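In what follows, a structure is listed as structure tokens, so that the remarks can point back to it.
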Amino acid sequence: SQQGEEDPQALSIQEGENATMNCSYKTSINNLQWYRQNSGRGLVHLILIRSNEREKHSGRLRVTLDTSKKSSSLLITASRAADTASYFCATAPNAGNMLTFGGGTRLMVKP
Amino acid sequence: ETGVTQSPTHLIKTRGQQVTLRCSSQSGHNTVSWYQQALGQGPQFIFQYYREEENGRGNFPPRFSGLQFPNYSSELNVNALELDDSALYLCASSIGTSGITDTQYFGPGTRLTVL
């Protein structure tokens with residue numbers, strides 16, 4: 001079973017628009033990570049946010065974490081066609097080594 | 001590029017056969033994890049190895065087994081293949097010690113098809 005649930009499952013936007021993806025989870029976490037996957041290949045780490053952090057930025061990416069609501073969001077600003085991919089959130093528990101992924105958001109950015 | 005490689009890229013097997021998938025981690029990464037990703041789903045954690053010892057296991061039967069070697073390479077073995085084992089198998093390495101799972105560096109995956 002997957003702890004994280006991404007919303008929406010699919011998102012289609014125009015180049016230049018912002019894309020927001022949400023992730024909800026069920027149990028306490030040590031950190032939450034976002035990954036990108038192109039065309040069913042390997043995942044690329046985007047950003048890690050720890051449970052004591054509320055917001056993190058990396059280039060055009062902004063991630064927020066609300067541990068009281070057990071939710072996170074990933075914002076991609078000024079999207080490009082190259083951002084077309086699947087985006088996954090993954091949670092790392094306070095104890096144990098199992099990184100648990102959600103089902104992903106499939107983002108399509110139209111040129 | 002993450003510096004993590006996997007072989008083979010694609011593999012076709014028949015039900016009941018056995019398969020070995022290989023992964024080469026980044027130098028210095030003592031932890032390797034294996035994931036199974038069915039089509040249209042997120043990756044599911046199979047198990048993790050730290051310094052050649054199994055260090056955590058997901059909800060997978062014993063016919064899924066692994067090995068980690070001192071040269072940062074590792075293997076995933078699956079016995080008695082079933083049709084539902086068809087998936088993309090991903091390995092990921094990390095620097096971390098046994099404990100909290102930090103940033104994972106993924107390989108490109110092996111696509112296994114079981115007929």
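Convention: chains lettered A, B, ... in structure tokens order; per-chain residue numbering from 1; ligands numbered from 1 as shown.
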
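By only C-alpha atoms, and with residues fewer than 6 positions from stretch 105-112 of chain B along its chain excluded, the set lying at most 8 Å from it is Arg41, Gly42, Leu43, Val44 and His45 of chain A; Thr2, Gly3, Val4, Thr5, Gln6, Ser7, Pro8, Thr9, His10, Leu11, Ile12, Lys13, Leu21, Cys23, Asp85, Ser86, Ala87, Leu88, Tyr89, Leu90, Cys91, Ala92, Ser93 and Ser94 of chain B.
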
Exercise answer, chain A residues close to chain B, 8 Å and only C-alpha atoms, as a ChimeraX atom specification: /A:2,30-31,33,40-45,48,88,92-104

Residues near A:Leu46, cut-off 9 Å, only C-alpha atoms, skip fewer than 4 positions along chain, as a PyMOL selection string: chain A and resi 33-36+58+61

Atomic distance atom CA of A:Ser72 - atom CA of A:Ile29, expressed in Å with one decimal: 11.8 Å

Just list as a PDB file with N, CA and C atoms, in the first residue's frame whatever in chain B DSSP marks as strand (DSSP E).
ATOM      1  N   THR B   5      24.033   2.711 -11.964  1.00  0.00           N
ATOM      2  CA  THR B   5      23.728   1.977 -13.191  1.00  0.00           C
ATOM      3  C   THR B   5      23.033   0.665 -12.872  1.00  0.00           C
ATOM      4  N   GLN B   6      22.227   0.206 -13.830  1.00  0.00           N
ATOM      5  CA  GLN B   6      21.514  -1.062 -13.661  1.00  0.00           C
ATOM      6  C   GLN B   6      21.626  -1.874 -14.950  1.00  0.00           C
ATOM      7  N   SER B   7      21.641  -3.189 -14.775  1.00  0.00           N
ATOM      8  CA  SER B   7      21.646  -4.068 -15.959  1.00  0.00           C
ATOM      9  C   SER B   7      20.833  -5.320 -15.651  1.00  0.00           C
ATOM     10  N   HIS B  10      16.346  -4.243 -20.259  1.00  0.00           N
ATOM     11  CA  HIS B  10      15.094  -4.971 -20.450  1.00  0.00           C
ATOM     12  C   HIS B  10      15.359  -6.463 -20.311  1.00  0.00           C
ATOM     13  N   LEU B  11      14.317  -7.177 -19.898  1.00  0.00           N
ATOM     14  CA  LEU B  11      14.455  -8.617 -19.701  1.00  0.00           C
ATOM     15  C   LEU B  11      13.093  -9.259 -19.872  1.00  0.00           C
ATOM     16  N   ILE B  12      13.055 -10.375 -20.607  1.00  0.00           N
ATOM     17  CA  ILE B  12      11.817 -11.123 -20.752  1.00  0.00           C
ATOM     18  C   ILE B  12      12.036 -12.525 -20.209  1.00  0.00           C
ATOM     19  N   LYS B  13      11.168 -12.949 -19.300  1.00  0.00           N
ATOM     20  CA  LYS B  13      11.253 -14.279 -18.694  1.00  0.00           C
ATOM     21  C   LYS B  13       9.877 -14.932 -18.768  1.00  0.00           C
ATOM     22  N   VAL B  19      15.267 -14.852 -11.915  1.00  0.00           N
ATOM     23  CA  VAL B  19      15.947 -13.727 -12.558  1.00  0.00           C
ATOM     24  C   VAL B  19      16.860 -13.030 -11.558  1.00  0.00           C
ATOM     25  N   THR B  20      17.970 -12.511 -12.064  1.00  0.00           N
ATOM     26  CA  THR B  20      18.889 -11.706 -11.259  1.00  0.00           C
ATOM     27  C   THR B  20      19.083 -10.365 -11.934  1.00  0.00           C
ATOM     28  N   LEU B  21      18.813  -9.309 -11.193  1.00  0.00           N
ATOM     29  CA  LEU B  21      19.009  -7.947 -11.670  1.00  0.00           C
ATOM     30  C   LEU B  21      20.178  -7.337 -10.927  1.00  0.00           C
ATOM     31  N   ARG B  22      20.936  -6.488 -11.616  1.00  0.00           N
ATOM     32  CA  ARG B  22      22.156  -5.958 -11.020  1.00  0.00           C
ATOM     33  C   ARG B  22      22.162  -4.439 -10.959  1.00  0.00           C
ATOM     34  N   CYS B  23      22.863  -3.930  -9.970  1.00  0.00           N
ATOM     35  CA  CYS B  23      22.923  -2.502  -9.735  1.00  0.00           C
ATOM     36  C   CYS B  23      24.337  -2.143  -9.284  1.00  0.00           C
ATOM     37  N   SER B  24      24.820  -1.027  -9.755  1.00  0.00           N
ATOM     38  CA  SER B  24      26.109  -0.518  -9.300  1.00  0.00           C
ATOM     39  C   SER B  24      25.889   0.867  -8.718  1.00  0.00           C
ATOM     40  N   THR B  31      24.403   2.369   1.370  1.00  0.00           N
ATOM     41  CA  THR B  31      23.034   1.871   1.437  1.00  0.00           C
ATOM     42  C   THR B  31      22.458   1.736   0.039  1.00  0.00           C
ATOM     43  N   VAL B  32      21.827   0.608  -0.229  1.00  0.00           N
ATOM     44  CA  VAL B  32      21.126   0.421  -1.499  1.00  0.00           C
ATOM     45  C   VAL B  32      19.727  -0.101  -1.213  1.00  0.00           C
ATOM     46  N   SER B  33      18.763   0.454  -1.911  1.00  0.00           N
ATOM     47  CA  SER B  33      17.369   0.027  -1.780  1.00  0.00           C
ATOM     48  C   SER B  33      16.866  -0.410  -3.141  1.00  0.00           C
ATOM     49  N   TRP B  34      15.943  -1.340  -3.131  1.00  0.00           N
ATOM     50  CA  TRP B  34      15.312  -1.821  -4.363  1.00  0.00           C
ATOM     51  C   TRP B  34      13.817  -1.540  -4.300  1.00  0.00           C
ATOM     52  N   TYR B  35      13.269  -1.155  -5.458  1.00  0.00           N
ATOM     53  CA  TYR B  35      11.851  -0.824  -5.563  1.00  0.00           C
ATOM     54  C   TYR B  35      11.265  -1.532  -6.778  1.00  0.00           C
ATOM     55  N   GLN B  36       9.976  -1.853  -6.665  1.00  0.00           N
ATOM     56  CA  GLN B  36       9.224  -2.379  -7.794  1.00  0.00           C
ATOM     57  C   GLN B  36       8.198  -1.334  -8.194  1.00  0.00           C
ATOM     58  N   GLN B  37       8.133  -1.018  -9.481  1.00  0.00           N
ATOM     59  CA  GLN B  37       7.158  -0.035  -9.948  1.00  0.00           C
ATOM     60  C   GLN B  37       6.312  -0.652 -11.055  1.00  0.00           C
ATOM     61  N   GLN B  44       7.300   0.773  -5.152  1.00  0.00           N
ATOM     62  CA  GLN B  44       7.044   0.114  -3.867  1.00  0.00           C
ATOM     63  C   GLN B  44       8.358  -0.445  -3.347  1.00  0.00           C
ATOM     64  N   PHE B  45       8.639  -0.170  -2.090  1.00  0.00           N
ATOM     65  CA  PHE B  45       9.886  -0.575  -1.445  1.00  0.00           C
ATOM     66  C   PHE B  45       9.935  -2.091  -1.292  1.00  0.00           C
ATOM     67  N   ILE B  46      11.021  -2.702  -1.805  1.00  0.00           N
ATOM     68  CA  ILE B  46      11.195  -4.152  -1.649  1.00  0.00           C
ATOM     69  C   ILE B  46      12.050  -4.426  -0.409  1.00  0.00           C
ATOM     70  N   PHE B  47      13.277  -3.929  -0.419  1.00  0.00           N
ATOM     71  CA  PHE B  47      14.156  -4.049   0.755  1.00  0.00           C
ATOM     72  C   PHE B  47      15.332  -3.102   0.616  1.00  0.00           C
ATOM     73  N   GLN B  48      16.078  -3.001   1.703  1.00  0.00           N
ATOM     74  CA  GLN B  48      17.257  -2.149   1.744  1.00  0.00           C
ATOM     75  C   GLN B  48      18.428  -2.929   2.338  1.00  0.00           C
ATOM     76  N   TYR B  49      19.605  -2.658   1.819  1.00  0.00           N
ATOM     77  CA  TYR B  49      20.823  -3.254   2.349  1.00  0.00           C
ATOM     78  C   TYR B  49      21.759  -2.151   2.804  1.00  0.00           C
ATOM     79  N   TYR B  50      22.372  -2.384   3.957  1.00  0.00           N
ATOM     80  CA  TYR B  50      23.371  -1.460   4.482  1.00  0.00           C
ATOM     81  C   TYR B  50      24.590  -2.277   4.843  1.00  0.00           C
ATOM     82  N   GLU B  53      24.212  -6.095   4.735  1.00  0.00           N
ATOM     83  CA  GLU B  53      23.199  -6.748   5.558  1.00  0.00           C
ATOM     84  C   GLU B  53      21.817  -6.181   5.200  1.00  0.00           C
ATOM     85  N   GLU B  54      20.801  -7.056   5.149  1.00  0.00           N
ATOM     86  CA  GLU B  54      19.450  -6.562   4.919  1.00  0.00           C
ATOM     87  C   GLU B  54      19.036  -5.688   6.089  1.00  0.00           C
ATOM     88  N   ASN B  55      18.476  -4.552   5.800  1.00  0.00           N
ATOM     89  CA  ASN B  55      18.263  -3.497   6.789  1.00  0.00           C
ATOM     90  C   ASN B  55      16.838  -2.962   6.749  1.00  0.00           C
ATOM     91  N   GLY B  56      15.923  -3.746   6.290  1.00  0.00           N
ATOM     92  CA  GLY B  56      14.535  -3.300   6.180  1.00  0.00           C
ATOM     93  C   GLY B  56      13.916  -3.964   4.973  1.00  0.00           C
ATOM     94  N   ARG B  57      12.652  -4.333   5.112  1.00  0.00           N
ATOM     95  CA  ARG B  57      11.988  -5.065   4.047  1.00  0.00           C
ATOM     96  C   ARG B  57      10.544  -4.615   3.940  1.00  0.00           C
ATOM     97  N   PHE B  64      11.717 -12.944  -3.174  1.00  0.00           N
ATOM     98  CA  PHE B  64      12.494 -11.747  -3.524  1.00  0.00           C
ATOM     99  C   PHE B  64      13.657 -11.682  -2.523  1.00  0.00           C
ATOM    100  N   SER B  65      14.874 -11.787  -3.026  1.00  0.00           N
ATOM    101  CA  SER B  65      16.021 -11.742  -2.139  1.00  0.00           C
ATOM    102  C   SER B  65      17.096 -10.855  -2.762  1.00  0.00           C
ATOM    103  N   GLY B  66      18.069 -10.489  -1.943  1.00  0.00           N
ATOM    104  CA  GLY B  66      19.088  -9.594  -2.456  1.00  0.00           C
ATOM    105  C   GLY B  66      20.457  -9.871  -1.892  1.00  0.00           C
ATOM    106  N   LEU B  67      21.438  -9.240  -2.498  1.00  0.00           N
ATOM    107  CA  LEU B  67      22.805  -9.281  -2.003  1.00  0.00           C
ATOM    108  C   LEU B  67      23.426  -7.917  -2.247  1.00  0.00           C
ATOM    109  N   GLN B  68      24.313  -7.534  -1.346  1.00  0.00           N
ATOM    110  CA  GLN B  68      25.108  -6.323  -1.558  1.00  0.00           C
ATOM    111  C   GLN B  68      26.555  -6.696  -1.365  1.00  0.00           C
ATOM    112  N   SER B  73      28.297  -2.849  -5.527  1.00  0.00           N
ATOM    113  CA  SER B  73      27.338  -3.465  -6.429  1.00  0.00           C
ATOM    114  C   SER B  73      26.340  -4.284  -5.613  1.00  0.00           C
ATOM    115  N   SER B  74      25.197  -4.546  -6.220  1.00  0.00           N
ATOM    116  CA  SER B  74      24.168  -5.315  -5.521  1.00  0.00           C
ATOM    117  C   SER B  74      23.331  -6.075  -6.534  1.00  0.00           C
ATOM    118  N   GLU B  75      22.574  -7.029  -6.015  1.00  0.00           N
ATOM    119  CA  GLU B  75      21.706  -7.857  -6.854  1.00  0.00           C
ATOM    120  C   GLU B  75      20.332  -7.982  -6.241  1.00  0.00           C
ATOM    121  N   LEU B  76      19.349  -8.098  -7.108  1.00  0.00           N
ATOM    122  CA  LEU B  76      17.995  -8.477  -6.707  1.00  0.00           C
ATOM    123  C   LEU B  76      17.700  -9.788  -7.410  1.00  0.00           C
ATOM    124  N   ASN B  77      17.334 -10.800  -6.647  1.00  0.00           N
ATOM    125  CA  ASN B  77      16.973 -12.102  -7.192  1.00  0.00           C
ATOM    126  C   ASN B  77      15.497 -12.357  -6.951  1.00  0.00           C
ATOM    127  N   VAL B  78      14.829 -12.834  -7.982  1.00  0.00           N
ATOM    128  CA  VAL B  78      13.430 -13.203  -7.840  1.00  0.00           C
ATOM    129  C   VAL B  78      13.276 -14.629  -8.347  1.00  0.00           C
ATOM    130  N   ALA B  87       7.271  -5.585 -14.166  1.00  0.00           N
ATOM    131  CA  ALA B  87       7.349  -4.229 -13.610  1.00  0.00           C
ATOM    132  C   ALA B  87       8.704  -3.626 -13.961  1.00  0.00           C
ATOM    133  N   LEU B  88       8.872  -2.361 -13.592  1.00  0.00           N
ATOM    134  CA  LEU B  88      10.170  -1.696 -13.648  1.00  0.00           C
ATOM    135  C   LEU B  88      10.810  -1.851 -12.276  1.00  0.00           C
ATOM    136  N   TYR B  89      12.023  -2.372 -12.238  1.00  0.00           N
ATOM    137  CA  TYR B  89      12.727  -2.561 -10.968  1.00  0.00           C
ATOM    138  C   TYR B  89      13.822  -1.508 -10.868  1.00  0.00           C
ATOM    139  N   LEU B  90      13.771  -0.762  -9.799  1.00  0.00           N
ATOM    140  CA  LEU B  90      14.673   0.365  -9.587  1.00  0.00           C
ATOM    141  C   LEU B  90      15.553   0.117  -8.382  1.00  0.00           C
ATOM    142  N   CYS B  91      16.829   0.407  -8.528  1.00  0.00           N
ATOM    143  CA  CYS B  91      17.668   0.434  -7.347  1.00  0.00           C
ATOM    144  C   CYS B  91      18.028   1.884  -7.056  1.00  0.00           C
ATOM    145  N   ALA B  92      18.294   2.155  -5.814  1.00  0.00           N
ATOM    146  CA  ALA B  92      18.635   3.508  -5.391  1.00  0.00           C
ATOM    147  C   ALA B  92      19.686   3.431  -4.303  1.00  0.00           C
ATOM    148  N   SER B  93      20.692   4.253  -4.397  1.00  0.00           N
ATOM    149  CA  SER B  93      21.730   4.259  -3.369  1.00  0.00           C
ATOM    150  C   SER B  93      21.680   5.567  -2.599  1.00  0.00           C
ATOM    151  N   SER B  94      22.214   5.530  -1.403  1.00  0.00           N
ATOM    152  CA  SER B  94      22.273   6.733  -0.589  1.00  0.00           C
ATOM    153  C   SER B  94      23.472   6.647   0.336  1.00  0.00           C
ATOM    154  N   TYR B 105      19.441   8.131  -4.764  1.00  0.00           N
ATOM    155  CA  TYR B 105      19.948   8.329  -6.118  1.00  0.00           C
ATOM    156  C   TYR B 105      19.587   7.084  -6.918  1.00  0.00           C
ATOM    157  N   PHE B 106      18.663   7.262  -7.854  1.00  0.00           N
ATOM    158  CA  PHE B 106      18.100   6.121  -8.575  1.00  0.00           C
ATOM    159  C   PHE B 106      18.870   5.792  -9.847  1.00  0.00           C
ATOM    160  N   THR B 110      15.378  -1.558 -14.560  1.00  0.00           N
ATOM    161  CA  THR B 110      15.309  -2.731 -15.429  1.00  0.00           C
ATOM    162  C   THR B 110      13.845  -3.064 -15.647  1.00  0.00           C
ATOM    163  N   ARG B 111      13.441  -3.113 -16.907  1.00  0.00           N
ATOM    164  CA  ARG B 111      12.050  -3.459 -17.231  1.00  0.00           C
ATOM    165  C   ARG B 111      11.963  -4.965 -17.381  1.00  0.00           C
ATOM    166  N   LEU B 112      11.252  -5.620 -16.452  1.00  0.00           N
ATOM    167  CA  LEU B 112      11.077  -7.070 -16.479  1.00  0.00           C
ATOM    168  C   LEU B 112       9.678  -7.403 -16.982  1.00  0.00           C
ATOM    169  N   THR B 113       9.617  -8.264 -17.980  1.00  0.00           N
ATOM    170  CA  THR B 113       8.345  -8.769 -18.490  1.00  0.00           C
ATOM    171  C   THR B 113       8.296 -10.262 -18.257  1.00  0.00           C
ATOM    172  N   VAL B 114       7.239 -10.726 -17.605  1.00  0.00           N
ATOM    173  CA  VAL B 114       7.065 -12.153 -17.346  1.00  0.00           C
ATOM    174  C   VAL B 114       5.902 -12.654 -18.193  1.00  0.00           C
TER     175      VAL B 114
END

Computed interatomic separation between atom CA of A:Asn18 and atom CA of A:Leu75 (Å): 7.0 Å

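The space separating atom CA of A:Ser68 from atom CA of A:Pro8 comes to 20.9 Å.
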